[in-house]
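> I am attaching a structure below and will ask some questions about it afterwards.
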Amino acid sequence: MPNLRFVKSAVAVALCATAAYVAGLRHAASIETKGSHPTEAVTQSEDATLAVNRPTESAPTRTEAEHEALAQVVALRRALLAQAMRPPLVAPVQSPVALACQKLDERLSNSPPNAAESARMEQAIRSVTNSGILAGADATISCGATICKVDLIDSDNARVDTAADALSRGVSKTFASTVIYPQGEGVRAIYFASNSESLRLSPLPEEPVVIAKRTTEANE
Amino acid sequence: MSGFALEPANNQAPWRITGNDANSGRFDTTVYYSQIGGAGWQSENIASSSDVDYLFFVCPGNLKVREVAISFTHAKGDLDVEAYDVAGRLLGTSTGTTNSESVGVSAFGLNAVVLKVYGYNGATGAYAPSLGCG
């Protein structure tokens, strides 16, 4: 049978702690306006709450159990506040294509500058895009030292694929490697590189898992 | 019809690939393919200036194609490749000047990829295809 007097006392302490907590938050807000970090301010207010509820020489003393219960309440509040102020642990999930583009974009922008090579590669692409081979698709070109990116946009999804094919073939041998990533309806990101390593995203296993071969009809 | 039509024989290799692109005639070749382990390994060959090979690569189980590639002797003939999905959409090309060509396709998450092999400016030569799955 729980001690009724103690339960009443615990409820009173909790109410008192809540009131002190609210007062502490108000106090924290005033501290914050003076330039303190919000978390520190709240922590200070919690400490104040504890101090308010600790026995003093003039106040009647509380039992160890009451102090322990109060400390637990305060600790829980601190944990909840800290959790609320933390950024979310789970980052938004990106598609593999979006991640690939992000990685290649970083490579493009972080590569050591080579103005002459960038200009040469951009000119090679521009000579194709200006030839009318894209059939109206809009192309935006950006080049680094070893990678160029062309953002192709067309209102027609099939036409943008045709334009991407034509552009990839048009710069054959100027670039060693190209890859075309769909970015949505009518939008493609094409990456061109002077070597295939620049577009590689992940290491291959030591040995390919499967090797395929073809036999022509004539061989059947 | 655009793209490739895949016709597995008894759901086993060899696979038959037929394709035709009404606009470019790009996939007008009918060829048979098989996975190694079923029919054994053979070197491939671009035999003439007009020869074009289409290789159908498929990864086992739930594995996805990470890279398709060929190796060859560049000094004997410069070969290039283009990688497509089975719908006939170009994924990437490799047109270097070394003894191998490869296209990384891991981001597409595909179980099957078609590789077009051809000689640059009419070049010919034997090549060995390979496939990386993961």
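Note on naming: chains are A, B, ... as they come in the structure tokens, residues start from 1 per chain, ligands start from 1 in the order shown.
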Fewer than 3 positions away in the same chain doesn't count, so skip those; otherwise give me all residues within 6 Å of region 79-96 of chain B, counting only C-alpha atoms, as JSON, numbers by chain.

{"A": [173, 176, 177, 178, 179, 180], "B": [3, 4, 101, 102, 113, 114, 115, 116, 117, 118, 119, 120]}

> For Cys148 (chain A), please output as a compact mmCIF listing (two decimals) with C-alpha atoms, in the first residue's frame all residues within 8 Å (counting only C-alpha atoms; exclusion window: fewer than 5 positions along the same chain).


```txt
# COMPACT_ATOMS: atom_id res chain seq x y z
CA LEU A 108 33.44 18.49 -61.81
CA SER A 118 38.10 23.06 -70.02
CA MET A 121 36.31 20.30 -74.14
CA GLU A 122 33.58 22.91 -74.00
CA ILE A 141 27.30 23.19 -70.74
CA SER A 142 29.70 23.26 -67.82
CA CYS A 143 33.26 21.90 -67.93
CA TYR A 191 28.55 13.65 -68.32
CA PHE A 192 31.56 13.53 -70.63
CA ALA A 193 35.05 12.59 -69.49
```

> Just the number, please: distance in Å from CA of Val97 (chain A) to CA of Phe108 (chain B), one decimal.

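Interatomic distance here is 6.4 Å.
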
> For Ala126 (chain B), find every residue with an atom within 7 Å (counting only C-alpha atoms), except residues of its own chain fewer than 2 positions away, and show them as a PDB file with C-alpha atoms, in the first residue's frame.


```pdb
ATOM      1  CA  SER B  43      36.065 -14.646 -78.135  1.00  0.00           C
ATOM      2  CA  GLU B  44      34.002 -12.181 -80.072  1.00  0.00           C
ATOM      3  CA  ASN B  45      35.006 -10.484 -83.218  1.00  0.00           C
ATOM      4  CA  ILE B  46      34.154  -7.448 -85.287  1.00  0.00           C
ATOM      5  CA  PHE B  72      40.878  -5.940 -77.084  1.00  0.00           C
TER       6      PHE B  72
END
```

> Would you list the contacts of Val105 (chain B) as JSON, numbers by chain, taking every protein, DNA or RNA residue within 8 Å and counting only C-alpha atoms, but skipping same-chain residues closer than 5 positions in sequence?

{"B": [65, 66, 67, 68, 91, 92, 110]}

> When you count only C-alpha atoms, which of these residues is closest to chain A: B:Gly122, B:Gly109, B:Gly61, B:Gly77?

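Checking each of B:Gly122, B:Gly109, B:Gly61, B:Gly77 against chain A, counting only C-alpha atoms, the winner is B:Gly109.
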
> Looking at only C-alpha atoms, which of A:Ser95, A:Gln123, A:Thr63, A:Asn110 is the one that sits closest to chain B?

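Nearest to chain B: A:Ser95.
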